[in-house]
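Chemist: Once you've had a glance at the structure underneath, I'll fire off some questions.
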2 protein chains.
Amino acid sequence: MRNATNPMLKRLSALVSLTDVDVELLEGLAFEMREVSAGEWLWHEGDSADSLLVVSEGWGCSARYLSDGSRQLLATYLPGDILGIFELLSGVRRNDVSMLTDGRVCEYPHSSVFTLLAASNRVRSALFVIANQQQAILAERLVSVARRNARESLAHFLCECRERLLEFLPDDVDGFQLPLSQQDLADALGMSTVHISRTFSALACQGLVRRHHFHMVILDPQRLAEMADFDDHYLNCDKRILATNKPVPFTEPSAAEWLPSTDYVPKGPHVAEGDEPTASS
Amino acid sequence: MRNATNPMLKRLSALVSLTDVDVELLEGLAFEMREVSAGEWLWHEGDSADSLLVVSEGWGCSARYLSDGSRQLLATYLPGDILGIFELLSGVRRNDVSMLTDGRVCEYPHSSVFTLLAASNRVRSALFVIANQQQAILAERLVSVARRNARESLAHFLCECRERLLEFLPDDVDGFQLPLSQQDLADALGMSTVHISRTFSALACQGLVRRHHFHMVILDPQRLAEMADFDDHYLNCDKRILATNKPVPFTEPSAAEWLPSTDYVPKGPHVAEGDEPTASS
DNA sequence: GATAAAAATAAACCTACGTTATCGCACCAT
DNA sequence: ATGGTGCGATAACGTAGGTTTATTTTTATC
């Protein structure tokens, strides 16, 4: 199966219906696969950016480091996720990005990506959609940190991870590898490590999850989602729209006739190099 | 001055160097100016989206409403800001958006925007850059809420507002209208109204700011920025890049030779219809 | 296996916040 | 005047979660 060899093609074809020409272009796309190991920096803020990255295996994350030595995780990157989309334009890395696990990463030089983008508006749209998804995840994280308590916040994060991993998981198991240490989780959710620990205990007591090392088992996905006020819409709405055979809107002149029907009703109440990427200074 | 009549043209021409053709296209762009009043909803999550909006006068905001009745502001929109970029693709509004003040809003139907986007990669790039800026602001807010204490967080927000308003302000004054109630600020920063009040008092005591009703005076911008760990880079880096006469990268084949030099060095340590949009249920 | 380093847990303590409540003020309507 | 409403300030009190330190468990390395 040819899709498997090229992570970009794999990801985009899952998101939009590509034309044969698009597929051809993607197959001809120059890229370089790189082995990376846990803790390795992929780049730093301010570095010059000349490639787009697709995670092929393992997990990565981007983070902001503050002057007091603490850090805030801004995003996690799972297999298939694309990094550095916005940096196509600026040519400068905006955040520090490092690997959470060993893995493999696929590098596409900007020059060849530009060629591709110029040739295919499907691909352009797909990247745009992916940027949109990433922003939605970021917004939801803000909501978690700002408004939810520790249990809700952690539960929400776990639901999100499960949902994003779902396509890789066998149907009959609710367990998966979550390669974030409690320090990483704390940095992602704006909490302290000890409170992450406490909160895991609390969730375990309620029979919602079980965690052993880096292995998570969601015992009761539904109750967990309820307590977290988790609604997978923000992760999946774009998939639904673009996985169909409809043409792709962005830069397409006459799009009005196939605008998606709005079958979704929200539940809200408005009726009314070198060193390791750790936090310690 | 023709730029003034069309907010989109005004905004984009400040960001990228448009060709004469681009300007012509933008001038011919169909739009509709609408008067809006404080508290008015522009749209709700789940609504079908068929237009791009540019704020012409006044302030707006987007927010997520949680099932417990609380809300989280996700973004504020100032004159010149563009709303609904990502919704070009999905055709569905993702958040609730309302006005914080009376103002005017400029509506560009998707159909005409598609035509424009198909014709001009400069415009495409500009919208992409704006989406990027919005994401940067969102990320910085997450950092504030997750990692900074109340004083730092509020100070950072004030610095951000000042910086975004700077082009509209006379050089000799450090005061401006900040049309957010303490409730709005609380909803933006993940705090309670009383603590916003306390924190303002604290900042005022330190001689950093003065606030009266909706009028803010930043008494000591530099000290305020220091205490907030505020670095305007995230707001201005794209401006620097695109305000030059360089061609625009996105979808341009051969971009390598004019990639911007990386002169920036980060300071981090690594070596429902009708009702008012309020939070109370 | 032995040892060291990293990760998780636990307990004690503390504080930056949230919550609730009261009050003042400005504005508007009757 | 009177009452209603929205915004803001202040005080008293409670708590979720931070901090610190110590102990245990797990992983990694040889």
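The way I read the labels, and the way they are meant: chains A, B, ... in the order of the structure tokens, residue 1 as the first residue of every chain, and ligand 1 as the first ligand shown, with later ones counted on from there.
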Give me, as JSON lines, each residue of chain D that comes within 12 Å of chain B, together with its shortest interatomic pair and the distance in Å at one decimal, counting only C-alpha atoms (C1' of nucleotides), with rows ordered by chain and rising residue number.
Modeler:
{"residue": "D:DG6", "atom": "C1'", "partner": "B:Ser181", "partner_atom": "CA", "distance": 10.1}
{"residue": "D:DC7", "atom": "C1'", "partner": "B:Ser181", "partner_atom": "CA", "distance": 7.6}
{"residue": "D:DG8", "atom": "C1'", "partner": "B:Ser197", "partner_atom": "CA", "distance": 7.6}
{"residue": "D:DA9", "atom": "C1'", "partner": "B:Ser197", "partner_atom": "CA", "distance": 7.3}
{"residue": "D:DT10", "atom": "C1'", "partner": "B:Arg198", "partner_atom": "CA", "distance": 9.0}
{"residue": "D:DA11", "atom": "C1'", "partner": "B:Val194", "partner_atom": "CA", "distance": 11.3}
{"residue": "D:DG18", "atom": "C1'", "partner": "B:Arg147", "partner_atom": "CA", "distance": 11.9}
Chemist: What residues in chain C lie within 9 Å of chain A, counting only C-alpha atoms (C1' of nucleotides), written as a PyMOL selection string?
Modeler: chain C and resi 7-9
Chemist: Taking only region 103-241 of chain A into account, list the residues labelled helix (DSSP H, G or I) by DSSP (computed from the backbone), as a PyMOL selection string.
Modeler: chain A and resi 110-119+121-147+150-168+182-189+193-205+221-228+233-241
Chemist: Applying 8 Å and only C-alpha atoms (C1' of nucleotides), which residues near Ala188 (chain B) remain after dropping the ones on its own chain fewer than 2 positions away? List them as a short mmCIF file (atom, residue, chain, number, x, y, z; two decimals) with C-alpha atoms, in the first residue's frame.
Modeler:
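Output file selection03.cif is given in full below:
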data_model
loop_
_atom_site.label_atom_id
_atom_site.label_comp_id
_atom_site.auth_asym_id
_atom_site.auth_seq_id
_atom_site.Cartn_x
_atom_site.Cartn_y
_atom_site.Cartn_z
CA GLN B 72 -14.25 31.73 28.45
CA LEU B 73 -13.27 34.50 26.09
CA LEU B 74 -11.12 33.08 23.33
CA ALA B 75 -10.29 36.23 21.42
CA ASP B 184 -15.25 40.36 30.67
CA LEU B 185 -11.66 40.55 31.86
CA ALA B 186 -12.33 37.78 34.34
CA GLY B 190 -9.76 32.72 33.85
CA MET B 191 -10.27 34.69 37.04
#
Chemist: Could you check how far CA of Glu226 (chain A) sits from CA of Gly84 (chain B), in Å to one decimal?
Modeler: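 Rounded to one decimal, the two atoms are 29.2 Å apart.
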Chemist: Kindly give the distance, in Å, that separates CA of Leu89 (chain B) and CA of Leu189 (chain A), rounded to a single decimal.
Modeler: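 According to the coordinates, CA of Leu89 (chain B) and CA of Leu189 (chain A) are separated by 29.8 Å.
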Chemist: Rounded to one decimal, what separation in Å do you get between CA of Gly80 (chain B) and CA of Ser56 (chain B)?
Modeler: 5.8 Å
